[in-house]
>>> print(open('data_39.tsv').read())   # TSV, C-alpha atoms and all ligand atoms
chain	number	residue	atom	x	y	z
V	1	MET	CA	0.00	0.00	0.00
V	2	THR	CA	1.03	3.62	-0.36
V	3	LEU	CA	1.05	5.61	2.84
V	4	THR	CA	0.38	9.32	2.84
V	5	ALA	CA	2.55	11.29	5.23
V	6	GLY	CA	1.67	14.88	6.01
V	7	VAL	CA	4.26	17.35	7.21
V	8	VAL	CA	2.49	20.23	8.94
V	9	ALA	CA	4.04	23.12	7.07
V	10	VAL	CA	2.67	26.35	8.51
V	11	GLN	CA	6.13	27.22	9.91
V	12	GLY	CA	9.36	25.48	10.96
V	13	ASP	CA	11.77	22.88	9.61
V	14	VAL	CA	9.41	21.27	7.14
V	15	SER	CA	11.73	20.20	4.33
V	16	GLU	CA	14.03	18.39	6.78
V	17	HIS	CA	11.11	16.29	8.05
V	18	ALA	CA	10.00	15.54	4.50
V	19	ALA	CA	13.54	14.41	3.62
V	20	ALA	CA	13.76	12.26	6.75
V	21	ILE	CA	10.43	10.59	5.92
V	22	GLU	CA	11.71	9.88	2.42
V	23	ARG	CA	14.88	8.26	3.77
V	24	ALA	CA	12.85	6.25	6.29
V	25	ALA	CA	10.45	5.10	3.56
V	26	ASP	CA	13.40	3.91	1.44
V	27	ALA	CA	14.87	2.11	4.44
V	28	VAL	CA	11.68	0.20	5.22
V	29	GLY	CA	10.80	-0.32	1.56
V	30	GLU	CA	7.40	1.39	1.69
V	31	ASP	CA	5.86	3.75	-0.85
V	32	VAL	CA	5.12	6.99	0.92
V	33	ALA	CA	3.53	10.06	-0.64
V	34	ILE	CA	4.47	13.22	1.22
V	35	ARG	CA	2.11	16.19	1.52
V	36	GLU	CA	3.04	19.55	2.98
V	37	VAL	CA	0.03	20.65	5.01
V	38	ARG	CA	-0.49	24.43	4.85
V	39	GLU	CA	-4.27	24.54	4.78
V	40	ALA	CA	-7.26	22.61	6.06
V	41	GLY	CA	-8.54	19.69	4.00
V	42	LEU	CA	-5.34	17.65	3.60
V	43	VAL	CA	-4.98	16.03	7.02
V	44	PRO	CA	-7.98	13.67	6.56
V	45	ASP	CA	-6.04	11.94	3.74
V	46	CYS	CA	-2.90	11.47	5.82
V	47	ASP	CA	-1.94	8.19	7.49
V	48	VAL	CA	0.78	9.83	9.59
V	49	LEU	CA	1.67	13.41	10.47
V	50	ALA	CA	4.91	15.14	11.41
V	51	LEU	CA	4.56	18.28	13.49
V	52	PRO	CA	7.93	20.01	13.11
V	53	GLY	CA	10.04	22.25	15.29
V	54	GLY	CA	10.05	25.98	14.82
V	55	GLU	CA	8.31	28.58	16.92
V	56	SER	CA	5.46	27.12	18.94
V	57	THR	CA	3.57	30.40	19.41
V	58	THR	CA	3.49	31.00	15.65
V	59	ILE	CA	2.69	27.39	14.76
V	60	SER	CA	-0.22	27.18	17.21
V	61	ARG	CA	-1.69	30.48	16.00
V	62	LEU	CA	-1.53	29.44	12.35
V	63	LEU	CA	-3.01	26.02	13.07
V	64	ALA	CA	-5.96	27.62	14.87
V	65	GLN	CA	-6.52	30.22	12.16
V	66	SER	CA	-6.47	27.64	9.39
V	67	GLY	CA	-8.62	25.02	11.12
V	68	ILE	CA	-5.83	22.44	10.79
V	69	ASP	CA	-5.87	22.19	14.61
V	70	GLU	CA	-9.28	20.46	14.62
V	71	GLU	CA	-8.20	18.11	11.85
V	72	ILE	CA	-5.11	17.05	13.82
V	73	ARG	CA	-7.32	16.31	16.85
V	74	GLU	CA	-9.57	14.16	14.67
V	75	HIS	CA	-6.52	12.39	13.18
V	76	VAL	CA	-5.33	11.46	16.70
V	77	ALA	CA	-8.83	10.47	17.82
V	78	ALA	CA	-8.88	8.06	14.86
V	79	GLY	CA	-5.69	6.43	16.23
V	80	LYS	CA	-3.39	7.69	13.48
V	81	PRO	CA	0.21	8.50	14.40
V	82	VAL	CA	1.79	11.90	14.92
V	83	LEU	CA	5.50	12.58	15.36
V	84	ALA	CA	5.69	15.89	17.20
V	85	THR	CA	9.16	17.36	17.56
V	86	CYS	CA	10.42	20.27	19.67
V	87	ALA	CA	8.00	23.15	19.02
V	88	GLY	CA	5.66	20.48	17.63
V	89	LEU	CA	5.75	18.73	21.00
V	90	ILE	CA	4.91	22.03	22.74
V	91	VAL	CA	1.95	22.55	20.42
V	92	ALA	CA	0.74	18.95	20.83
V	93	SER	CA	0.84	19.10	24.65
V	94	THR	CA	-2.00	19.88	27.05
V	95	ASP	CA	-0.12	22.68	28.79
V	96	ALA	CA	2.72	24.83	27.47
V	97	ARG	CA	2.62	27.22	30.46
V	98	ASP	CA	2.47	30.08	28.01
V	99	ASP	CA	-0.77	31.82	27.07
V	100	ARG	CA	0.53	32.51	23.58
V	101	VAL	CA	0.51	28.79	22.79
V	102	ASP	CA	-2.93	27.41	22.06
V	103	THR	CA	-2.19	23.74	22.64
V	104	LEU	CA	-3.74	20.92	20.64
V	105	ASP	CA	-4.24	18.79	23.79
V	106	VAL	CA	-3.42	15.52	22.02
V	107	LEU	CA	-0.50	14.57	24.30
V	108	ASP	CA	-1.21	14.66	28.01
V	109	VAL	CA	1.97	16.31	29.26
V	110	SER	CA	2.91	19.77	30.40
V	111	VAL	CA	6.08	21.26	29.02
V	112	GLU	CA	8.53	23.98	29.87
V	113	ARG	CA	9.69	25.91	26.84
V	114	ASN	CA	13.44	26.57	26.43
V	115	ALA	CA	14.04	24.46	29.53
V	116	PHE	CA	17.66	23.49	29.25
V	117	GLY	CA	19.24	26.85	30.04
V	118	ARG	CA	21.06	29.46	28.07
V	119	GLN	CA	24.49	27.83	28.03
V	120	LYS	CA	22.88	24.71	26.70
V	121	ASP	CA	20.53	26.32	24.22
V	122	SER	CA	21.78	23.77	21.74
V	123	PHE	CA	23.47	20.48	22.50
V	124	GLU	CA	23.70	16.93	21.27
V	125	ALA	CA	23.19	13.89	23.46
V	126	SER	CA	23.56	10.20	22.85
V	127	LEU	CA	20.21	9.06	24.10
V	128	SER	CA	18.89	5.68	25.16
V	129	VAL	CA	15.41	5.51	23.71
V	130	ASP	CA	12.97	2.72	24.57
V	131	GLY	CA	12.32	0.72	21.43
V	132	LEU	CA	15.71	1.43	19.82
V	133	ASP	CA	18.61	-1.01	20.16
V	134	GLU	CA	21.40	1.56	19.89
V	135	PRO	CA	21.62	5.10	21.36
V	136	TYR	CA	20.10	7.86	19.28
V	137	PRO	CA	22.11	11.02	18.43
V	138	ALA	CA	19.64	13.65	19.61
V	139	VAL	CA	20.02	17.31	18.64
V	140	PHE	CA	18.43	19.76	21.11
V	141	ILE	CA	17.83	23.37	20.01
V	142	ARG	CA	16.19	25.66	22.58
V	143	ALA	CA	14.43	22.51	23.57
V	144	PRO	CA	11.42	22.06	25.80
V	145	ALA	CA	11.44	19.69	28.75
V	146	ILE	CA	8.46	17.64	29.74
V	147	ASP	CA	7.46	18.27	33.35
V	148	GLU	CA	4.25	16.52	34.14
V	149	VAL	CA	3.24	13.31	32.50
V	150	ASP	CA	-0.23	11.82	32.74
V	151	ASP	CA	-0.68	8.15	33.67
V	152	GLY	CA	-1.31	7.09	30.09
V	153	VAL	CA	1.96	8.56	28.85
V	154	GLU	CA	5.03	6.39	28.44
V	155	VAL	CA	8.45	8.01	28.95
V	156	LEU	CA	10.85	6.76	26.26
V	157	ALA	CA	13.98	8.80	27.11
V	158	THR	CA	15.26	11.30	29.67
V	159	VAL	CA	18.03	13.91	29.94
V	160	GLU	CA	19.15	14.96	33.43
V	161	GLY	CA	16.18	13.02	34.76
V	162	ARG	CA	13.68	14.98	32.69
V	163	PRO	CA	11.58	13.26	30.02
V	164	VAL	CA	12.52	14.24	26.45
V	165	ALA	CA	10.73	11.52	24.50
V	166	VAL	CA	7.22	10.29	25.30
V	167	ARG	CA	4.41	8.36	23.73
V	168	GLU	CA	0.68	8.45	24.35
V	169	GLY	CA	-1.22	6.13	22.05
V	170	PRO	CA	-0.49	7.24	18.48
V	171	VAL	CA	1.33	10.44	19.48
V	172	VAL	CA	5.10	10.48	19.97
V	173	GLY	CA	6.56	13.71	21.33
V	174	LEU	CA	10.29	14.47	21.19
V	175	SER	CA	12.08	17.48	22.70
V	176	PHE	CA	14.81	17.08	20.10
V	177	HIS	CA	15.09	17.14	16.30
V	178	PRO	CA	15.28	13.69	14.66
V	179	GLU	CA	14.97	15.36	11.24
V	180	LEU	CA	18.34	17.09	11.66
V	181	THR	CA	20.46	13.93	11.75
V	182	ASN	CA	20.81	11.18	9.20
V	183	ASP	CA	19.44	8.70	11.71
V	184	ASP	CA	15.91	8.05	10.52
V	185	ARG	CA	14.99	5.32	13.02
V	186	LEU	CA	12.36	7.45	14.77
V	187	HIS	CA	10.73	8.36	11.47
V	188	ARG	CA	10.74	4.66	10.59
V	189	LEU	CA	8.87	3.91	13.82
V	190	ALA	CA	6.26	6.50	12.84
V	191	LEU	CA	5.83	4.75	9.47
V	192	PHE	CA	5.48	1.36	11.17
V	193	ASP	CA	2.82	2.88	13.45
V	194	ALA	CA	1.05	4.22	10.36
V	195	LEU	CA	1.12	0.82	8.68
V	196	ALA	CA	-0.27	-0.82	11.81
V	197	ALA	CA	-3.03	1.82	12.11
V	198	ALA	CA	-3.95	1.53	8.43
V	199	THR	CA	-4.41	-2.25	8.39
P	201	LIG	N1	13.79	24.21	17.93
P	201	LIG	C1	12.58	24.44	18.36
P	201	LIG	O1	11.57	23.97	17.83
P	201	LIG	C2	12.53	25.39	19.52
P	201	LIG	C3	11.17	25.57	20.09
P	201	LIG	C4	11.03	26.99	20.61
P	201	LIG	N2	11.94	27.23	21.69
P	201	LIG	C5	9.59	27.23	21.03
P	201	LIG	O2	9.31	27.37	22.18
P	201	LIG	O3	8.73	27.29	20.18
>>> encode(input="data_39.tsv", output="structure tokens", more="lines below")
Ligand SMILES: NC(=O)CC[C@H](N)C(=O)O
Amino acid sequence: MTLTAGVVAVQGDVSEHAAAIERAADAVGEDVAIREVREAGLVPDCDVLALPGGESTTISRLLAQSGIDEEIREHVAAGKPVLATCAGLIVASTDARDDRVDTLDVLDVSVERNAFGRQKDSFEASLSVDGLDEPYPAVFIRAPAIDEVDDGVEVLATVEGRPVAVREGPVVGLSFHPELTNDDRLHRLALFDALAAAT
């Protein structure tokens, strides 16, 4: 079957996610059609969504204005996967502790924006991630930390004791940027989730 992957493209590092999905699709041998989602009407055709990093205040405003926000909620309610990274994680959460972010409430965590301190605004960590055999090279850029995690949320990885990768049902939230390395294992997992949800 051909999967349709949507990259939410209102703002942020969209082309990097699209390229990572392409690499992951090649690696797992699946046909994947990639759609950049800038307006309402496309999400219902998508089997899997990437919600990229960027600026969470801007992304959330544009999603609300366009009506894409409601479509993402329906996508999750239908059990279809979302890979939400960095600002995407902030937008997906239930509480960003910032009135300027209108959260999607599809991932039951609260987050702290820019949580890892000025001197560490950007850093790379070799991360043990549940579900991956080898450590993952994780790139953090003004990254959020995850503070409170609801019972239904599984913590997949931590830095300094703070969760940086979580899963709740079909939604995976990452504080870091898997699209900025050549390691496409996390995008592959999203495609496997999409295949499982579609069959
Ligand atoms: N690289 C990123 O996506 C950073 C997220 C940004 N600090 C925000 O709060 O929106």
>>> closest_atom_pairs(input="data_39.tsv", of="chain V", to="ligand LIG 201 (chain P)", cutoff="7 Å", atoms="only C-alpha atoms and all ligand atoms", output="CSV")
residue,atom,partner,partner_atom,distance
V:Gly53,CA,P:LIG201,O1,3.4
V:Gly54,CA,P:LIG201,O1,3.9
V:Glu55,CA,P:LIG201,O3,3.5
V:Ser56,CA,P:LIG201,O3,3.5
V:Thr57,CA,P:LIG201,O3,6.1
V:Cys86,CA,P:LIG201,O1,4.3
V:Ala87,CA,P:LIG201,O1,3.9
V:Gly88,CA,P:LIG201,O1,6.9
V:Ile90,CA,P:LIG201,O2,6.9
V:Arg113,CA,P:LIG201,O2,4.9
V:Asn114,CA,P:LIG201,N2,5.0
V:Ile141,CA,P:LIG201,N1,4.6
V:Arg142,CA,P:LIG201,N2,4.6
V:Ala143,CA,P:LIG201,C2,5.3
V:Pro144,CA,P:LIG201,N2,6.6
>>> write_last_selection(input="data_39.tsv", atoms="C-alpha atoms", output="tab-separated table (two decimals), in the coordinates of the input")
chain	number	residue	atom	x	y	z
V	53	GLY	CA	10.04	22.25	15.29
V	54	GLY	CA	10.05	25.98	14.82
V	55	GLU	CA	8.31	28.58	16.92
V	56	SER	CA	5.46	27.12	18.94
V	57	THR	CA	3.57	30.40	19.41
V	86	CYS	CA	10.42	20.27	19.67
V	87	ALA	CA	8.00	23.15	19.02
V	88	GLY	CA	5.66	20.48	17.63
V	90	ILE	CA	4.91	22.03	22.74
V	113	ARG	CA	9.69	25.91	26.84
V	114	ASN	CA	13.44	26.57	26.43
V	141	ILE	CA	17.83	23.37	20.01
V	142	ARG	CA	16.19	25.66	22.58
V	143	ALA	CA	14.43	22.51	23.57
V	144	PRO	CA	11.42	22.06	25.80
>>> closest_residue(input="data_39.tsv", among="V:Thr181, V:Ser66, V:Thr58, V:Ser126", to="Arg100 (chain V)", atoms="all atoms listed in the file")
V:Thr58
>>> closest_residue(input="data_39.tsv", among="V:Val8, V:Ala40, V:Leu127, V:Val153", to="Gln65 (chain V)", atoms="all atoms listed in the file")
V:Ala40
>>> residues_around(input="data_39.tsv", residues="Val48 (chain V)", least_positions_apart="5", cutoff="10 Å", atoms="all atoms listed in the file", output="list in words")
Leu3, Thr4, Ala5, Gly6, Val7, Ile34, Val43, His75, Val76, Gly79, Lys80, Pro81, Val82, Leu83, Pro170, Val171, Ala190, Leu191, Phe192, Asp193, Ala194, Leu195, Ala197 and Ala198 of chain V
>>> residues_around(input="data_39.tsv", residues="region 69-73 of chain V", least_positions_apart="4", cutoff="9 Å", atoms="only C-alpha atoms", output="PyMOL selection string")
chain V and resi 40-44+49+60+62-65+77-78+82+103-106
>>> closest_residue(input="data_39.tsv", among="V:Leu186, V:Val155, V:Val91, V:Val172", to="Ala138 (chain V)", atoms="only C-alpha atoms")
V:Leu186
>>> atom_distance(input="data_39.tsv", atom1="CA of Cys46 (chain V)", atom2="CA of Val164 (chain V)")
25.9 Å
>>> atom_distance(input="data_39.tsv", atom1="CA of Glu112 (chain V)", atom2="CA of Ala157 (chain V)")
16.4 Å
>>> closest_residue(input="data_39.tsv", among="V:Ala25, V:His187, V:Asp13, V:Thr2", to="Asp45 (chain V)", atoms="all atoms listed in the file")
V:Thr2
>>> closest_residue(input="data_39.tsv", among="V:Glu30, V:Pro52, V:Val159, V:Arg61", to="Asp99 (chain V)", atoms="all atoms listed in the file")
V:Arg61
>>> closest_residue(input="data_39.tsv", among="V:Asp151, V:Glu134, V:Glu124, V:Glu36", to="Ser175 (chain V)", atoms="all atoms listed in the file")
V:Glu124
